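Source file target_2.cif; content: mmCIF, C-alpha atoms and all ligand atoms.
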data_model
loop_
_atom_site.label_atom_id
_atom_site.label_comp_id
_atom_site.auth_asym_id
_atom_site.auth_seq_id
_atom_site.Cartn_x
_atom_site.Cartn_y
_atom_site.Cartn_z
CA MET A 1 -84.11 -116.07 70.21
CA VAL A 2 -81.54 -117.10 67.66
CA ILE A 3 -78.59 -118.59 69.49
CA ASP A 4 -75.31 -117.13 68.38
CA MET A 5 -73.11 -120.20 67.85
CA ASN A 6 -69.96 -118.06 67.68
CA LYS A 7 -70.66 -116.62 71.12
CA LYS A 8 -71.17 -120.11 72.54
CA LYS A 9 -67.89 -121.20 71.00
CA LEU A 10 -66.15 -118.15 72.49
CA ILE A 11 -67.38 -119.22 75.94
CA LEU A 12 -66.14 -122.78 75.41
CA ASP A 13 -62.80 -121.57 74.03
CA LYS A 14 -62.36 -119.43 77.15
CA LEU A 15 -63.26 -122.40 79.35
CA ILE A 16 -60.60 -124.62 77.73
CA LYS A 17 -58.00 -121.82 77.74
CA GLU A 18 -58.52 -121.31 81.50
CA MET A 19 -58.20 -125.10 82.02
CA GLU A 20 -54.87 -125.03 80.20
CA ILE A 21 -53.60 -122.15 82.37
CA ALA A 22 -54.57 -124.09 85.53
CA HIS A 23 -52.81 -127.17 84.16
CA ARG A 24 -49.61 -125.19 83.53
CA GLU A 25 -49.80 -123.78 87.07
CA ASN A 26 -50.11 -127.30 88.55
CA GLU A 27 -53.65 -126.64 89.70
CA VAL A 28 -56.43 -129.16 89.08
CA PRO A 29 -57.43 -128.07 85.55
CA VAL A 30 -60.95 -126.86 86.23
CA SER A 31 -62.37 -123.57 84.95
CA ALA A 32 -65.67 -121.69 85.04
CA VAL A 33 -67.24 -118.99 82.85
CA ILE A 34 -70.31 -116.91 83.79
CA PHE A 35 -72.36 -115.40 80.96
CA ASP A 36 -75.58 -113.48 80.46
CA LYS A 37 -78.69 -114.46 78.51
CA LYS A 38 -77.10 -113.21 75.29
CA TYR A 39 -74.01 -115.33 75.89
CA ASN A 40 -71.78 -112.37 76.73
CA ILE A 41 -68.98 -113.39 79.09
CA ILE A 42 -69.28 -111.67 82.51
CA SER A 43 -66.46 -113.40 84.36
CA TYR A 44 -64.17 -116.42 84.20
CA ALA A 45 -61.68 -118.17 86.45
CA HIS A 46 -59.56 -121.27 86.90
CA ASN A 47 -58.64 -123.18 90.05
CA LYS A 48 -56.21 -121.33 92.32
CA ARG A 49 -56.28 -123.44 95.47
CA GLN A 50 -52.51 -124.04 95.47
CA LYS A 51 -51.56 -120.54 94.35
CA ASN A 52 -53.88 -118.73 96.78
CA LYS A 53 -53.41 -121.38 99.52
CA ASP A 54 -57.15 -121.13 99.93
CA VAL A 55 -59.65 -123.97 100.26
CA LEU A 56 -62.21 -121.68 98.54
CA GLY A 57 -60.00 -121.31 95.47
CA HIS A 58 -62.19 -123.38 93.15
CA ALA A 59 -62.92 -121.89 89.71
CA GLU A 60 -66.68 -121.67 90.33
CA ILE A 61 -66.28 -119.63 93.54
CA LEU A 62 -63.67 -117.31 91.99
CA ALA A 63 -65.88 -116.73 88.92
CA ILE A 64 -68.90 -116.01 91.17
CA GLN A 65 -66.87 -113.47 93.17
CA ALA A 66 -65.59 -111.80 89.97
CA ALA A 67 -69.12 -111.64 88.52
CA GLY A 68 -70.45 -110.07 91.73
CA ASN A 69 -67.73 -107.43 91.59
CA LYS A 70 -68.46 -106.70 87.95
CA ILE A 71 -72.24 -106.35 88.13
CA GLY A 72 -72.25 -104.91 91.66
CA ASP A 73 -74.57 -107.50 93.17
CA TRP A 74 -74.05 -110.88 94.83
CA ARG A 75 -77.35 -112.11 93.34
CA LEU A 76 -76.56 -113.58 89.93
CA ASP A 77 -80.06 -114.35 88.66
CA GLY A 78 -80.22 -113.78 84.93
CA TYR A 79 -76.77 -115.31 84.49
CA SER A 80 -75.56 -118.86 83.90
CA MET A 81 -72.31 -120.68 84.48
CA ILE A 82 -70.42 -123.28 82.56
CA VAL A 83 -67.80 -125.41 84.32
CA SER A 84 -65.32 -127.84 82.77
CA LEU A 85 -65.98 -130.42 85.51
CA GLU A 86 -69.30 -130.97 87.29
CA PRO A 87 -69.15 -128.80 90.47
CA CYS A 88 -68.15 -130.37 93.80
CA ASP A 89 -70.44 -130.20 96.86
CA MET A 90 -68.81 -127.02 98.23
CA CYS A 91 -69.25 -125.16 94.93
CA SER A 92 -72.78 -126.52 94.41
CA ILE A 93 -73.86 -124.91 97.70
CA VAL A 94 -72.27 -121.57 96.69
CA ILE A 95 -73.84 -121.79 93.21
CA ASP A 96 -77.27 -122.31 94.83
CA GLU A 97 -76.67 -119.32 97.14
CA SER A 98 -75.58 -117.13 94.22
CA ARG A 99 -79.01 -117.53 92.52
CA LEU A 100 -77.48 -118.30 89.12
CA ASP A 101 -80.13 -119.43 86.60
CA LYS A 102 -78.42 -122.57 85.42
CA VAL A 103 -75.14 -124.45 85.51
CA TYR A 104 -73.71 -126.38 82.56
CA TYR A 105 -70.71 -128.70 82.67
CA LEU A 106 -68.51 -130.66 80.27
CA VAL A 107 -67.19 -133.63 82.28
CA LYS A 108 -69.30 -135.55 84.77
CA GLN A 109 -68.03 -136.01 88.32
CA ASP A 110 -69.06 -138.88 90.63
CA GLY A 111 -69.27 -138.84 94.39
CA ASN A 112 -71.29 -135.69 95.05
CA LYS A 113 -73.61 -135.85 98.06
CA TYR A 114 -75.25 -132.42 97.86
CA GLU A 115 -78.27 -132.18 95.59
CA ILE A 116 -78.01 -128.86 93.75
CA ASN A 117 -81.31 -126.97 93.54
CA ILE A 118 -80.79 -124.99 90.36
CA GLU A 119 -81.00 -126.54 86.92
CA LYS A 120 -77.85 -128.46 85.99
CA GLU A 121 -77.09 -129.88 82.58
CA LYS A 122 -74.25 -131.70 80.88
CA ILE A 123 -73.81 -129.89 77.59
CA SER A 124 -73.95 -131.95 74.45
CA GLY A 125 -73.07 -131.37 70.83
CA TYR A 126 -69.58 -130.04 71.50
CA GLU A 127 -67.59 -133.27 71.38
CA GLU A 128 -64.24 -131.63 70.60
CA TYR A 129 -64.49 -129.52 73.80
CA ASP A 130 -65.63 -132.55 75.82
CA LYS A 131 -62.64 -134.49 74.53
CA LYS A 132 -60.17 -131.70 75.27
CA ALA A 133 -61.52 -131.20 78.83
CA GLU A 134 -61.39 -134.94 79.56
CA GLU A 135 -57.88 -135.14 78.12
CA LEU A 136 -56.61 -132.29 80.34
CA LEU A 137 -58.18 -133.77 83.48
CA THR A 138 -56.95 -137.31 82.72
CA THR A 139 -53.38 -136.10 82.05
CA PHE A 140 -53.39 -134.15 85.31
CA PHE A 141 -54.66 -137.04 87.45
CA ASP A 142 -52.39 -139.56 85.69
CA ASN A 143 -49.38 -137.42 86.59
CA MET A 144 -50.64 -137.33 90.19
CA ARG A 145 -50.86 -141.13 90.20
CA TRP A 146 -47.25 -141.48 88.98
CA LYS A 147 -45.94 -139.08 91.61
CA PRO A 148 -45.91 -141.59 94.53
CA LEU A 149 -43.93 -143.99 92.30
CA PHE A 150 -41.22 -141.36 91.75
CA LEU A 151 -41.15 -140.64 95.48
CA TRP A 152 -40.88 -144.37 96.16
CA TYR A 153 -38.05 -144.59 93.62
CA ASN A 154 -36.13 -141.82 95.36
CA LYS A 155 -36.80 -143.43 98.73
CA SER A 156 -35.66 -146.84 97.50
CA GLN A 157 -32.43 -145.28 96.20
CA GLU A 158 -31.80 -144.07 99.74
CA VAL A 159 -32.38 -147.61 100.99
CA TYR A 160 -29.88 -149.07 98.48
CA LEU A 161 -27.29 -146.52 99.54
CA TRP A 162 -27.89 -147.39 103.16
CA VAL A 163 -27.48 -151.15 102.40
CA ILE A 164 -24.23 -150.51 100.48
CA LYS A 165 -22.95 -148.30 103.30
CA PHE A 166 -23.93 -150.91 105.89
CA TYR A 167 -22.22 -153.64 103.83
CA ILE A 168 -19.00 -151.64 103.40
CA GLU A 169 -18.93 -150.64 107.08
CA ASN A 170 -19.55 -154.20 108.31
CA THR A 171 -17.21 -155.78 105.82
CA GLY A 172 -14.61 -153.36 107.10
CA LEU A 173 -15.48 -154.51 110.61
CA LEU A 174 -15.17 -158.15 109.51
CA ILE A 175 -11.77 -157.49 107.99
CA LEU A 176 -10.68 -155.80 111.22
CA ILE A 177 -11.86 -158.80 113.29
CA MET A 178 -10.03 -161.19 110.95
CA LEU A 179 -6.84 -159.22 111.35
ZN ZN B 201 -65.61 -126.98 93.78
#
What is this structure when it is put down as structure tokens?
Amino acid sequence: MVIDMNKKKLILDKLIKEMEIAHRENEVPVSAVIFDKKYNIISYAHNKRQKNKDVLGHAEILAIQAAGNKIGDWRLDGYSMIVSLEPCDMCSIVIDESRLDKVYYLVKQDGNKYEINIEKEKISGYEEYDKKAEELLTTFFDNMRWKPLFLWYNKSQEVYLWVIKFYIENTGLLILIML
């Protein structure tokens, strides 16, 4: 079968676009696209854990649910998924249960304990998409890392104010005693 490069690019474009939407919505920028053997897009999703206030709101699970609704079957054999970040343990279990043929990913993730049963592959040959996905994830997690510093800064401002207040109050007390 001749692989339609344009269709593959459409899938990857969708994946990045969904990552960008997640990023704008302050969700971890992870997205998933499910496609058939001819590389037609069946469903896509981005993380919505914050928005939906739902622990199951990972892109992979949302894309699996959307695909099931579309094809009218929870069994997704004959379809594959591409994810911007290697699936976590929770999603890996759901992916196994969904009977998808294969899962591809752009950015590798460390720390998984669950060994996924279906074929999993880091896609290669699409460096510009790899770079973009890594960039979006790094920016997101860098911002998260800076957040505590801002909180600390605000907190420390409160402390300074308290010290100044304490100083003024006690100096006033001192003056009173001296009088
Ligand atoms: Zn997950």
Environment of ligand ZN 201 (chain B) within 8 Å, counting only C-alpha atoms and all ligand atoms, reported as a compact mmCIF listing (two decimals) with C-alpha atoms, in the frame of the given file:
# COMPACT_ATOMS: atom_id res chain seq x y z
CA LEU A 56 -62.21 -121.68 98.54
CA HIS A 58 -62.19 -123.38 93.15
CA ALA A 59 -62.92 -121.89 89.71
CA GLU A 60 -66.68 -121.67 90.33
CA ILE A 61 -66.28 -119.63 93.54
CA PRO A 87 -69.15 -128.80 90.47
CA CYS A 88 -68.15 -130.37 93.80
CA ASP A 89 -70.44 -130.20 96.86
CA MET A 90 -68.81 -127.02 98.23
CA CYS A 91 -69.25 -125.16 94.93
CA SER A 92 -72.78 -126.52 94.41
Using only C-alpha atoms, which of A:Ile34, A:Ala67, A:Leu161, A:Ala22 sits nearest Val83 (chain A)?
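Closest to Val83 (chain A) of all the choices is A:Ile34.
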Per residue of region 54-74 of chain A within 12 Å of region 99-114 of chain A, what are the shortest atom pair and its distance in Å to one decimal, counting all atoms listed in the file, with rows by chain and residue number, as CSV?
residue,atom,partner,partner_atom,distance
A:Glu60,CA,A:Val103,CA,10.1
A:Ala63,CA,A:Leu100,CA,11.7
A:Ile64,CA,A:Leu100,CA,9.1
A:Ala67,CA,A:Leu100,CA,10.7
A:Gly68,CA,A:Leu100,CA,11.1
A:Asp73,CA,A:Arg99,CA,11.0
A:Trp74,CA,A:Arg99,CA,8.6
What lies within 12 Å of Glu128 (chain A) using only C-alpha atoms, ignoring chain neighbours under 4 positions off, as a list of chain:residue names?
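Within the cut-off, the hits are A:Lys9, A:Leu12, A:Asp13, A:Ile16, A:Leu106, A:Ile123, A:Ser124, A:Lys132, A:Ala133, A:Glu134, A:Glu135.
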Given only C-alpha atoms as the basis, pick out the residue of A:Arg75, A:Lys51, A:Lys14, A:Arg145 nearest to Val33 (chain A).
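The shortest atom-to-atom distance to Val33 (chain A) comes from A:Lys14.
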Nearest residue to His23 (chain A) out of A:Lys48, A:Lys8, A:Lys165, A:Lys37, using only C-alpha atoms?
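Selected residue with least distance to His23 (chain A): A:Lys48.
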Quick check, in Å to one decimal: how far apart do CA of Glu20 (chain A) and CA of Leu136 (chain A) lie?
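About the pair CA of Glu20 (chain A) and CA of Leu136 (chain A): they are 7.5 Å apart.
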For CA of Gly72 (chain A) and CA of Glu97 (chain A), the interatomic separation in Å (one decimal)
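Between these atoms lies a distance of 16.0 Å.
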Atomic distance CA of Asn26 (chain A) - CA of Thr139 (chain A), expressed in Å with one decimal:
11.4 Å
Counting all atoms listed in the file, the residue of A:Leu10, A:Ile168, A:Met81, A:Val163 that sits nearest Glu119 (chain A)
A:Met81
Of the residues A:Asn6, A:Ser84, A:Asn69, A:Thr138, which is the one nearest to His46 (chain A), using all atoms listed in the file?
A:Ser84
